[in-house]
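For reference, input_28.txt (compact mmCIF, C-alpha atoms):
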```txt
# COMPACT_ATOMS: atom_id res chain seq x y z
CA MET H 1 -76.62 111.45 48.32
CA LYS H 2 -77.57 107.80 48.75
CA ARG H 3 -77.56 107.36 44.96
CA ILE H 4 -74.06 108.83 44.74
CA ARG H 5 -72.81 106.53 47.50
CA SER H 6 -74.37 103.55 45.77
CA LEU H 7 -72.22 104.18 42.71
CA PHE H 8 -69.12 103.38 44.77
CA SER H 9 -70.59 100.46 46.71
CA SER H 10 -69.74 96.90 45.80
CA ILE H 11 -71.67 94.75 43.36
CA SER H 12 -72.48 91.43 45.00
CA SER H 13 -71.97 88.06 43.41
CA PRO H 14 -74.78 85.45 43.43
CA ASN H 15 -73.46 83.95 46.67
CA GLY H 16 -73.65 87.33 48.36
CA GLU H 17 -69.91 88.17 48.43
CA ALA H 18 -68.76 91.62 47.40
CA THR H 19 -66.70 91.48 44.19
CA ARG H 20 -66.07 94.97 42.87
CA PRO H 21 -67.47 98.51 43.16
CA ARG H 22 -69.69 99.95 40.45
CA ILE H 23 -67.25 102.84 40.14
CA PHE H 24 -63.77 102.71 41.66
CA TYR H 25 -63.29 105.87 43.73
CA GLY H 26 -59.59 105.89 42.87
CA TRP H 27 -60.45 107.39 39.48
CA VAL H 28 -62.15 110.29 41.27
CA ILE H 29 -58.86 110.82 43.12
CA VAL H 30 -56.99 110.67 39.80
CA GLY H 31 -59.26 113.32 38.28
CA LEU H 32 -58.91 115.54 41.34
CA SER H 33 -55.11 115.20 41.28
CA PHE H 34 -55.01 115.89 37.53
CA VAL H 35 -56.86 119.19 37.94
CA THR H 36 -54.91 120.14 41.06
CA LEU H 37 -51.53 119.70 39.38
CA ALA H 38 -52.74 121.61 36.33
CA PHE H 39 -53.56 124.65 38.49
CA HIS H 40 -50.79 124.38 41.08
CA ILE H 41 -47.76 123.78 38.83
CA THR H 42 -48.97 126.33 36.29
CA ALA H 43 -49.23 128.81 39.18
CA ARG H 44 -45.46 128.40 39.58
CA PHE H 45 -44.52 128.64 35.91
CA SER H 46 -47.05 131.38 35.09
CA PHE H 47 -44.68 133.70 36.92
CA ALA H 48 -42.77 133.75 33.62
CA ILE H 49 -45.78 135.47 32.02
CA LEU H 50 -46.76 137.73 34.90
CA GLN H 51 -43.29 139.14 35.51
CA VAL H 52 -43.30 140.79 32.06
CA PRO H 53 -45.99 143.38 32.97
CA LEU H 54 -44.53 143.70 36.48
CA ILE H 55 -41.18 144.77 35.03
CA ALA H 56 -42.91 147.13 32.61
CA GLU H 57 -44.94 148.82 35.36
CA PHE H 58 -42.49 148.91 38.28
CA GLY H 59 -39.11 148.75 36.53
CA TRP H 60 -37.79 145.92 38.71
CA GLY H 61 -34.69 144.07 37.51
CA ARG H 62 -34.89 140.55 36.17
CA GLY H 63 -32.43 139.36 38.77
CA ALA H 64 -34.57 140.77 41.58
CA LEU H 65 -37.68 139.01 40.29
CA GLY H 66 -35.64 135.87 39.71
CA GLY H 67 -34.83 136.02 43.40
CA ALA H 68 -38.53 135.71 44.24
CA TYR H 69 -38.76 132.61 42.06
CA ALA H 70 -35.60 131.22 43.67
CA LEU H 71 -37.00 131.79 47.16
CA GLY H 72 -40.07 129.83 46.15
CA MET H 73 -38.01 126.91 44.88
CA GLY H 74 -35.98 126.92 48.08
CA ILE H 75 -39.05 126.82 50.30
CA TYR H 76 -40.63 124.14 48.11
CA ALA H 77 -37.55 121.92 48.31
CA LEU H 78 -36.76 122.37 52.00
CA THR H 79 -40.33 121.83 53.19
CA ASN H 80 -40.92 118.65 51.17
CA PRO H 81 -39.44 116.24 53.75
CA LEU H 82 -41.53 117.83 56.54
CA ILE H 83 -44.70 117.78 54.42
CA GLY H 84 -44.02 114.16 53.57
CA SER H 85 -43.88 113.22 57.25
CA LEU H 86 -47.15 115.07 57.91
CA PHE H 87 -48.66 113.29 54.91
CA GLU H 88 -47.74 109.90 56.35
CA LYS H 89 -48.74 110.78 59.92
CA TYR H 90 -52.10 112.51 59.39
CA GLY H 91 -53.11 111.41 55.87
CA PRO H 92 -53.49 113.27 52.57
CA ARG H 93 -56.93 114.67 53.42
CA ALA H 94 -55.54 116.59 56.41
CA VAL H 95 -52.63 118.06 54.43
CA MET H 96 -53.26 118.48 50.70
CA PRO H 97 -56.37 120.72 50.61
CA TRP H 98 -54.43 123.40 52.51
CA GLY H 99 -52.02 123.54 49.60
CA SER H 100 -54.84 124.79 47.39
CA VAL H 101 -55.80 127.30 50.08
CA LEU H 102 -52.30 128.81 50.07
CA VAL H 103 -52.00 128.77 46.26
CA GLY H 104 -55.40 130.47 45.95
CA LEU H 105 -54.49 133.12 48.52
CA GLY H 106 -51.10 133.72 46.90
CA LEU H 107 -52.63 134.23 43.47
CA THR H 108 -55.54 136.37 44.65
CA GLY H 109 -53.15 138.51 46.68
CA GLY H 110 -51.32 139.33 43.46
CA PHE H 111 -54.10 141.82 42.72
CA PHE H 112 -52.67 144.06 45.48
CA ILE H 113 -48.97 143.96 44.49
CA SER H 114 -47.33 147.36 44.80
CA SER H 115 -43.89 146.52 46.20
CA LEU H 116 -41.20 143.97 45.42
CA TRP H 117 -41.54 142.30 48.82
CA HIS H 118 -45.17 141.51 47.97
CA VAL H 119 -43.92 139.36 45.08
CA TYR H 120 -41.43 137.61 47.35
CA PHE H 121 -44.10 136.84 49.93
CA LEU H 122 -46.88 135.78 47.55
CA THR H 123 -44.80 133.85 45.00
CA GLY H 124 -41.80 132.90 47.10
CA VAL H 125 -43.69 131.89 50.25
CA LEU H 126 -47.44 131.28 49.88
CA ILE H 127 -47.54 129.70 46.41
CA ALA H 128 -44.31 127.76 47.04
CA PHE H 129 -45.52 126.35 50.34
CA GLY H 130 -48.88 125.55 48.73
CA THR H 131 -47.26 123.53 45.94
CA SER H 132 -45.19 121.71 48.56
CA LEU H 133 -48.36 120.73 50.42
CA SER H 134 -50.12 119.60 47.26
CA GLY H 135 -47.72 119.27 44.35
CA PHE H 136 -45.69 116.77 42.36
CA SER H 137 -44.31 114.74 45.29
CA MET H 138 -47.45 114.50 47.40
CA HIS H 139 -49.73 113.49 44.52
CA GLY H 140 -47.16 110.91 43.45
CA ALA H 141 -47.20 109.51 46.99
CA LEU H 142 -51.02 109.45 46.96
CA MET H 143 -51.33 107.00 44.04
CA PRO H 144 -49.98 103.88 45.87
CA ARG H 145 -52.80 104.32 48.39
CA TRP H 146 -55.31 103.65 45.59
CA PHE H 147 -53.53 101.68 42.86
CA GLN H 148 -51.18 98.74 42.56
CA LYS H 149 -51.60 97.01 39.20
CA ARG H 150 -52.62 100.21 37.40
CA ARG H 151 -50.42 102.56 39.39
CA GLY H 152 -48.27 103.49 36.38
CA LEU H 153 -51.32 104.43 34.33
CA ALA H 154 -52.85 106.42 37.16
CA THR H 155 -49.59 108.25 37.88
CA GLY H 156 -49.09 109.03 34.20
CA ILE H 157 -52.57 110.51 33.98
CA ILE H 158 -52.19 112.79 37.00
CA PHE H 159 -48.77 114.07 35.92
CA SER H 160 -50.12 114.81 32.44
CA GLY H 161 -52.22 117.44 34.19
CA ILE H 162 -49.04 119.53 34.44
CA GLY H 163 -48.69 119.61 30.66
CA ILE H 164 -52.38 120.14 30.01
CA GLY H 165 -52.43 122.97 32.55
CA ALA H 166 -49.48 124.69 30.87
CA LEU H 167 -51.03 124.28 27.42
CA LEU H 168 -54.46 125.66 28.34
CA LEU H 169 -53.85 128.06 31.23
CA SER H 170 -50.75 129.89 29.92
CA PRO H 171 -52.52 131.40 26.87
CA ILE H 172 -55.59 132.19 29.02
CA ILE H 173 -53.43 134.10 31.50
CA GLU H 174 -51.81 136.03 28.65
CA ARG H 175 -55.23 136.94 27.19
CA LEU H 176 -56.45 138.09 30.62
CA ILE H 177 -53.39 140.32 30.93
CA ALA H 178 -53.86 141.73 27.44
CA ASN H 179 -57.58 142.46 27.88
CA PHE H 180 -57.97 143.25 31.58
CA GLY H 181 -54.49 143.79 33.01
CA TRP H 182 -52.15 141.73 35.16
CA ARG H 183 -54.02 142.45 38.40
CA ALA H 184 -57.21 140.96 36.96
CA ALA H 185 -55.24 137.93 35.71
CA TYR H 186 -53.96 137.26 39.22
CA LEU H 187 -57.45 137.75 40.68
CA PHE H 188 -59.31 135.52 38.20
CA TYR H 189 -56.73 132.74 38.53
CA GLY H 190 -56.83 132.88 42.32
CA LEU H 191 -60.63 132.92 42.46
CA ALA H 192 -60.77 129.86 40.19
CA VAL H 193 -58.62 127.97 42.70
CA ILE H 194 -60.58 129.25 45.71
CA LEU H 195 -64.09 128.74 44.32
CA ILE H 196 -63.57 125.48 42.41
CA LEU H 197 -60.51 123.59 43.52
CA ILE H 198 -60.61 124.16 47.29
CA PRO H 199 -64.23 122.97 47.75
CA ALA H 200 -63.56 119.97 45.52
CA LYS H 201 -60.47 118.99 47.55
CA PHE H 202 -62.25 119.21 50.93
CA LEU H 203 -65.34 117.36 49.65
CA LEU H 204 -63.84 114.64 47.47
CA LEU H 205 -60.35 113.81 48.74
CA ARG H 206 -59.98 110.60 50.75
CA ASN H 207 -56.85 109.10 52.30
CA GLN H 208 -56.99 105.59 50.83
CA ALA H 209 -59.28 103.03 49.24
CA GLN H 210 -60.27 101.54 52.60
CA ASP H 211 -61.91 104.86 53.59
CA VAL H 212 -64.64 104.24 51.00
CA GLY H 213 -64.89 100.49 51.61
CA GLN H 214 -62.82 99.54 48.56
CA ALA H 215 -59.53 97.80 47.85
CA LEU H 216 -56.58 98.79 45.67
CA ASP H 217 -57.46 99.11 41.97
CA GLY H 218 -61.13 98.52 42.86
CA LEU H 219 -60.53 94.80 43.27
CA SER H 220 -62.58 92.62 45.56
CA SER H 221 -61.86 92.75 49.27
CA GLY H 222 -60.68 89.15 49.13
CA THR H 223 -57.67 89.87 46.93
CA ALA H 224 -54.13 90.14 48.17
CA CYS H 225 -54.24 93.90 47.84
CA ASN H 226 -54.92 95.22 51.32
CA PRO H 227 -56.38 98.72 51.24
CA ALA H 228 -55.20 99.37 54.74
CA ALA H 229 -51.60 98.73 53.73
CA PRO H 230 -50.96 99.82 50.16
CA ALA H 231 -48.10 98.25 48.29
CA GLY H 232 -44.83 99.86 49.15
CA HIS H 233 -46.05 100.92 52.60
CA THR H 234 -46.13 97.62 54.43
CA GLU H 235 -42.93 98.26 56.38
CA ALA H 236 -42.14 101.05 58.78
CA ALA H 237 -39.88 103.50 56.93
CA LEU H 238 -36.75 104.91 58.50
CA GLY H 239 -36.52 108.56 59.49
CA VAL H 240 -35.06 111.16 57.13
CA SER H 241 -31.80 111.58 59.04
CA LYS H 242 -31.31 107.81 59.32
CA VAL H 243 -31.90 107.29 55.59
CA PHE H 244 -29.48 110.08 54.71
CA ARG H 245 -26.78 108.59 56.91
CA ILE H 246 -27.20 105.32 55.02
CA ILE H 247 -27.25 106.69 51.47
CA ARG H 248 -24.67 109.47 51.79
CA GLY H 249 -21.90 106.92 51.31
CA GLU H 250 -23.43 105.59 48.08
CA ARG H 251 -21.91 106.94 44.87
CA HIS H 252 -25.22 106.53 43.06
CA PHE H 253 -26.95 108.90 45.45
CA TRP H 254 -24.56 111.72 44.60
CA MET H 255 -24.79 110.91 40.90
CA LEU H 256 -28.59 111.17 41.05
CA ALA H 257 -28.27 114.34 43.13
CA ALA H 258 -26.09 115.88 40.42
CA ILE H 259 -28.58 114.89 37.73
CA THR H 260 -31.53 116.39 39.57
CA VAL H 261 -29.60 119.63 40.19
CA VAL H 262 -29.15 119.88 36.42
CA ILE H 263 -32.83 119.12 35.82
CA GLY H 264 -33.88 121.76 38.35
CA LEU H 265 -31.40 124.27 36.90
CA CYS H 266 -32.54 123.64 33.33
CA ASN H 267 -36.31 123.53 33.82
CA ASN H 268 -36.69 126.40 36.25
CA THR H 269 -34.15 128.79 34.74
CA ILE H 270 -35.30 128.51 31.15
CA LEU H 271 -39.04 128.40 31.85
CA SER H 272 -38.87 131.31 34.29
CA GLN H 273 -37.01 133.51 31.77
CA LEU H 274 -38.67 132.23 28.60
CA LEU H 275 -41.33 134.93 28.16
CA LEU H 276 -38.80 137.71 28.72
CA TYR H 277 -36.43 136.08 26.24
CA PHE H 278 -39.09 135.85 23.54
CA VAL H 279 -40.18 139.43 24.12
CA ASP H 280 -36.53 140.44 23.65
CA VAL H 281 -36.42 138.70 20.26
CA LYS H 282 -39.65 140.53 19.26
CA TYR H 283 -42.13 137.68 19.61
CA GLY H 284 -45.60 138.81 20.61
CA MET H 285 -46.77 137.96 24.12
CA ALA H 286 -49.56 135.75 22.76
CA VAL H 287 -47.09 133.70 20.71
CA ALA H 288 -44.67 133.48 23.62
CA ALA H 289 -47.42 132.22 25.94
CA ILE H 290 -48.41 129.55 23.40
CA ILE H 291 -44.78 128.39 23.19
CA LEU H 292 -44.59 128.15 26.97
CA GLY H 293 -47.77 126.09 27.00
CA MET H 294 -46.51 123.84 24.22
CA ALA H 295 -43.29 123.15 26.11
CA GLY H 296 -45.36 121.97 29.06
CA PHE H 297 -47.69 119.92 26.86
CA PHE H 298 -44.93 118.04 25.02
CA ARG H 299 -43.47 116.99 28.36
CA ILE H 300 -46.30 114.44 28.35
CA GLY H 301 -45.05 112.78 25.17
CA GLY H 302 -41.48 112.85 26.41
CA SER H 303 -42.47 111.23 29.70
CA VAL H 304 -44.49 108.43 28.11
CA VAL H 305 -42.21 107.62 25.17
CA THR H 306 -38.93 107.87 27.07
CA GLY H 307 -40.37 105.87 29.96
CA TRP H 308 -41.30 103.12 27.50
CA LEU H 309 -37.84 103.27 25.90
CA SER H 310 -36.17 103.01 29.30
CA ASP H 311 -37.91 99.66 29.84
CA HIS H 312 -36.52 98.33 26.56
CA LEU H 313 -33.19 100.14 25.99
CA GLY H 314 -32.16 100.59 29.61
CA ARG H 315 -32.38 103.62 31.87
CA GLN H 316 -28.92 104.92 30.95
CA HIS H 317 -29.51 104.99 27.21
CA ALA H 318 -32.99 106.49 27.54
CA MET H 319 -31.68 109.22 29.89
CA ALA H 320 -28.81 109.94 27.50
CA LEU H 321 -31.26 110.27 24.60
CA ALA H 322 -33.49 112.61 26.62
CA ALA H 323 -30.52 114.72 27.69
CA VAL H 324 -29.25 115.08 24.11
CA THR H 325 -32.76 116.08 23.01
CA THR H 326 -32.96 118.69 25.78
CA ALA H 327 -29.52 120.09 24.86
CA LEU H 328 -30.64 120.40 21.23
CA GLY H 329 -33.65 122.36 22.44
CA VAL H 330 -31.40 124.74 24.40
CA LEU H 331 -29.17 125.18 21.33
CA LEU H 332 -32.18 126.02 19.17
CA LEU H 333 -33.32 128.53 21.80
CA LEU H 334 -29.94 130.29 21.57
CA LEU H 335 -30.21 130.39 17.76
CA ILE H 336 -33.75 131.81 17.61
CA PRO H 337 -32.56 135.45 17.25
CA VAL H 338 -30.83 134.37 14.01
CA PHE H 339 -34.19 133.33 12.52
CA GLY H 340 -35.88 136.67 13.18
CA VAL H 341 -39.47 137.10 14.39
CA ALA H 342 -40.95 134.07 12.60
CA PRO H 343 -42.56 131.96 15.35
CA VAL H 344 -41.95 128.53 13.77
CA PRO H 345 -38.48 128.06 15.38
CA GLY H 346 -40.09 128.86 18.73
CA TYR H 347 -42.72 126.18 18.20
CA VAL H 348 -40.03 123.65 17.22
CA PHE H 349 -38.07 124.57 20.35
CA ALA H 350 -41.17 123.90 22.48
CA VAL H 351 -41.57 120.42 21.00
CA ILE H 352 -37.90 119.43 21.36
CA PHE H 353 -37.30 120.99 24.78
CA GLY H 354 -40.59 119.79 26.24
CA PHE H 355 -40.02 116.26 24.95
CA GLY H 356 -36.47 116.14 26.29
CA THR H 357 -37.17 117.56 29.75
CA GLY H 358 -40.18 115.29 30.22
CA GLY H 359 -38.01 112.29 29.37
CA MET H 360 -35.23 113.35 31.74
CA SER H 361 -37.64 113.69 34.67
CA THR H 362 -39.22 110.29 34.01
CA CYS H 363 -35.86 108.54 33.65
CA PHE H 364 -34.55 110.19 36.81
CA SER H 365 -37.52 108.86 38.79
CA ALA H 366 -37.11 105.36 37.34
CA MET H 367 -33.34 105.37 37.96
CA THR H 368 -33.89 106.34 41.59
CA ALA H 369 -36.40 103.50 42.02
CA ASP H 370 -33.94 101.07 40.40
CA ALA H 371 -31.07 102.15 42.63
CA PHE H 372 -32.81 102.50 46.01
CA LYS H 373 -35.27 99.70 46.61
CA GLY H 374 -37.13 99.18 49.85
CA SER H 375 -39.66 100.95 52.02
CA SER H 376 -37.59 104.16 52.30
CA LEU H 377 -37.78 105.04 48.59
CA ALA H 378 -40.15 107.93 49.22
CA THR H 379 -37.74 109.38 51.77
CA VAL H 380 -34.86 109.13 49.30
CA MET H 381 -36.97 110.90 46.70
CA GLY H 382 -37.79 113.62 49.21
CA ILE H 383 -34.11 114.17 49.98
CA LEU H 384 -33.26 114.32 46.28
CA GLU H 385 -36.02 116.91 45.82
CA ILE H 386 -33.85 119.28 47.85
CA PHE H 387 -31.19 119.07 45.13
CA TYR H 388 -33.81 119.75 42.45
CA GLY H 389 -34.80 122.83 44.41
CA ALA H 390 -31.15 123.89 44.65
CA GLY H 391 -30.98 124.06 40.86
CA GLY H 392 -34.14 126.15 40.86
CA VAL H 393 -32.73 128.45 43.55
CA ILE H 394 -29.43 129.07 41.75
CA GLY H 395 -30.52 129.39 38.14
CA PRO H 396 -33.29 132.01 37.76
CA PRO H 397 -31.69 134.88 39.73
CA LEU H 398 -28.25 134.28 38.20
CA ALA H 399 -29.76 134.24 34.70
CA GLY H 400 -31.66 137.43 35.49
CA TYR H 401 -28.61 139.20 36.87
CA ALA H 402 -26.53 137.97 33.91
CA PHE H 403 -29.00 139.67 31.59
CA ASP H 404 -29.06 142.82 33.72
CA PHE H 405 -25.25 143.11 33.39
CA MET H 406 -24.63 141.63 29.92
CA GLY H 407 -27.90 142.31 28.12
CA SER H 408 -28.11 138.68 26.98
CA TYR H 409 -28.99 135.17 28.14
CA THR H 410 -26.26 133.58 26.03
CA MET H 411 -23.94 132.78 28.94
CA PRO H 412 -26.47 131.20 31.37
CA PHE H 413 -28.29 129.25 28.64
CA SER H 414 -24.96 127.95 27.29
CA VAL H 415 -23.93 126.77 30.76
CA ILE H 416 -27.25 124.95 31.08
CA GLY H 417 -26.81 123.25 27.70
CA LEU H 418 -23.33 122.03 28.62
CA SER H 419 -24.56 120.82 32.03
CA VAL H 420 -27.30 118.79 30.35
CA LEU H 421 -24.76 117.19 28.01
CA ALA H 422 -22.67 116.21 31.03
CA VAL H 423 -25.64 114.11 32.20
CA VAL H 424 -25.13 111.89 29.14
CA PHE H 425 -21.66 110.81 30.24
CA LEU H 426 -22.64 110.65 33.91
CA THR H 427 -25.42 108.14 33.28
CA ILE H 428 -23.75 106.04 30.59
CA PHE H 429 -20.55 105.39 32.55
CA SER H 430 -21.63 105.67 36.20
CA PHE H 431 -25.07 104.13 36.67
CA HIS H 432 -24.99 100.54 37.99
CA PRO H 433 -28.07 100.10 40.22
CA GLU H 434 -27.42 96.41 40.86
CA ARG H 435 -24.47 97.41 43.06
CA VAL H 436 -26.59 99.38 45.52
CA PRO H 437 -27.76 97.39 48.59
CA GLU H 438 -31.43 97.58 49.52
CA ILE H 439 -32.27 99.94 52.37
CA GLN H 440 -33.73 97.86 55.19
CA SER H 441 -36.29 99.18 57.66
CA GLU H 442 -35.80 98.76 61.37
```
Take the structure I supplied and represent it as structure tokens, if you would.
Amino acid sequence: MKRIRSLFSSISSPNGEATRPRIFYGWVIVGLSFVTLAFHITARFSFAILQVPLIAEFGWGRGALGGAYALGMGIYALTNPLIGSLFEKYGPRAVMPWGSVLVGLGLTGGFFISSLWHVYFLTGVLIAFGTSLSGFSMHGALMPRWFQKRRGLATGIIFSGIGIGALLLSPIIERLIANFGWRAAYLFYGLAVILILIPAKFLLLRNQAQDVGQALDGLSSGTACNPAAPAGHTEAALGVSKVFRIIRGERHFWMLAAITVVIGLCNNTILSQLLLYFVDVKYGMAVAAIILGMAGFFRIGGSVVTGWLSDHLGRQHAMALAAVTTALGVLLLLLIPVFGVAPVPGYVFAVIFGFGTGGMSTCFSAMTADAFKGSSLATVMGILEIFYGAGGVIGPPLAGYAFDFMGSYTMPFSVIGLSVLAVVFLTIFSFHPERVPEIQSE
């Protein structure tokens, strides 16, 4: 144990002053966050795979199962502001490991599903609340406690875990279902979280660099980076209600809210129905699972490339490009039945759609940061997350019920494609962040 601790202790200069640690503990946090997001976010989107055998065995409607997914998105969105306040008050270590506990219990409990309400409780409550405690928002908020100069790199690495998780875990889940059944797939996935991820979170997670005697980015303690007050957290932030009263009169807030509703509608509706759609067009489950994983994986490229383009071309133009790319992916998805059972169009869809949606999410985050500067940015992001959840609540059950009544996804997917194209005009003609006053703390 002493040898392990010595790896993270400071190396002294000849005059006896500490300069830098042998290993910066922030990279341990990055690795832990990477793996956590891979398991947690895939737990949400793997419902697209697991609902196929559930429908086959129990005969439940797609709209009814879409309701379970929608409940989960609603709980995720509505609890984010509360979780954020607990995160700030008690620290990540007191909050985030319990997210893995709930995700693990929700997945393991899937082994015992025998009624529709079990799906609503496990997927719509436990897993959703778990991803709220330790998901996209909380891990994003964790990085400023460890990084300043290399925060972008660290954040990019942890969010790439979402794509890697989709690429690797989706085909594994499909193979488990094919070889051992859906109950075993739930059980193995849940046990992996319980036996590996939960112990790692409780043992390795720390609140901030100061907890291990280090400074931001692993710099010397004499630098301007104060580990006790990470950049962006030096001022006391306003409360959620106070921030909302300030920003509700800003046109840019409602523009960004509209954009994130579209992103939530697009991502959650299509990904939640994707496996069923490909089964309908006679793709094999193995191929469909690979396509789902590819769509998640190519989000990484879309995030990185579009983020770079936004720095050079401007946020509006980069967002417009990402939205057009996403709309092209939706169009190709609608045309796949024309091409027959050949999987190549499905693979091309995964590349285009994944690249476009990854770019839209990255540009949305950057646009929000451009528009709402100040110490309350995280609160603004938390409020906007409610609108993302609203898109996820509305889309999946309506798409499922549309199929139940019409026998096709043409109508809901077409509406999504047109909504994404509307984002192009919304950003090009309406985004002027320099006109938004900075939110001042009290």
Near-Trp254 in chain H list (12 Å; only C-alpha atoms; drop same-chain fewer than 3 positions) as a compact mmCIF listing (two decimals) with C-alpha atoms, keeping the file's coordinate frame:
```txt
# COMPACT_ATOMS: atom_id res chain seq x y z
CA PHE H 244 -29.48 110.08 54.71
CA ILE H 247 -27.25 106.69 51.47
CA ARG H 248 -24.67 109.47 51.79
CA GLY H 249 -21.90 106.92 51.31
CA GLU H 250 -23.43 105.59 48.08
CA ARG H 251 -21.91 106.94 44.87
CA ALA H 257 -28.27 114.34 43.13
CA ALA H 258 -26.09 115.88 40.42
CA ILE H 259 -28.58 114.89 37.73
CA THR H 260 -31.53 116.39 39.57
CA VAL H 261 -29.60 119.63 40.19
CA THR H 368 -33.89 106.34 41.59
CA ALA H 371 -31.07 102.15 42.63
CA VAL H 380 -34.86 109.13 49.30
CA ILE H 383 -34.11 114.17 49.98
CA LEU H 384 -33.26 114.32 46.28
CA PHE H 387 -31.19 119.07 45.13
CA LEU H 426 -22.64 110.65 33.91
CA THR H 427 -25.42 108.14 33.28
CA SER H 430 -21.63 105.67 36.20
CA PHE H 431 -25.07 104.13 36.67
```
### Query
With distances taken over only C-alpha atoms, which of H:Asn267, H:Ser170, H:Ser408, H:Thr42 is nearest to Ala286 in chain H?
H:Ser170
### Task
Could you tell me which of H:Ile270, H:Ala77, H:Pro92, H:Cys363 comes closest to Asp211 in chain H if we count all atoms listed in the file?
H:Pro92
#### Entry: Shortest interatomic distance to Ala318 in chain H - which of H:Ala289, H:Leu122, H:Ile428, H:Val344, counting only C-alpha atoms
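Selected residue with least distance to Ala318 in chain H: H:Ile428.
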### Query
List as JSON, numbers by chain: which residues have an atom within 12 Å of (-53.6, 142.7, 41.3), counting all atoms listed in the file?
{"H": [50, 53, 54, 106, 107, 108, 109, 110, 111, 112, 113, 114, 115, 118, 119, 122, 176, 177, 180, 181, 182, 183, 184, 185, 186, 187, 188, 189, 190]}
### d(CA of Gly163 in chain H, CA of Ile55 in chain H) in Å
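Here the two named atoms are 26.6 Å from each other.
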### Message
Taking all atoms listed in the file into account, name the residue in H:Leu309, H:Val28, H:Ile416, H:Met381 that is nearest to Asn268 in chain H.
### Response
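Selected residue with least distance to Asn268 in chain H: H:Ile416.
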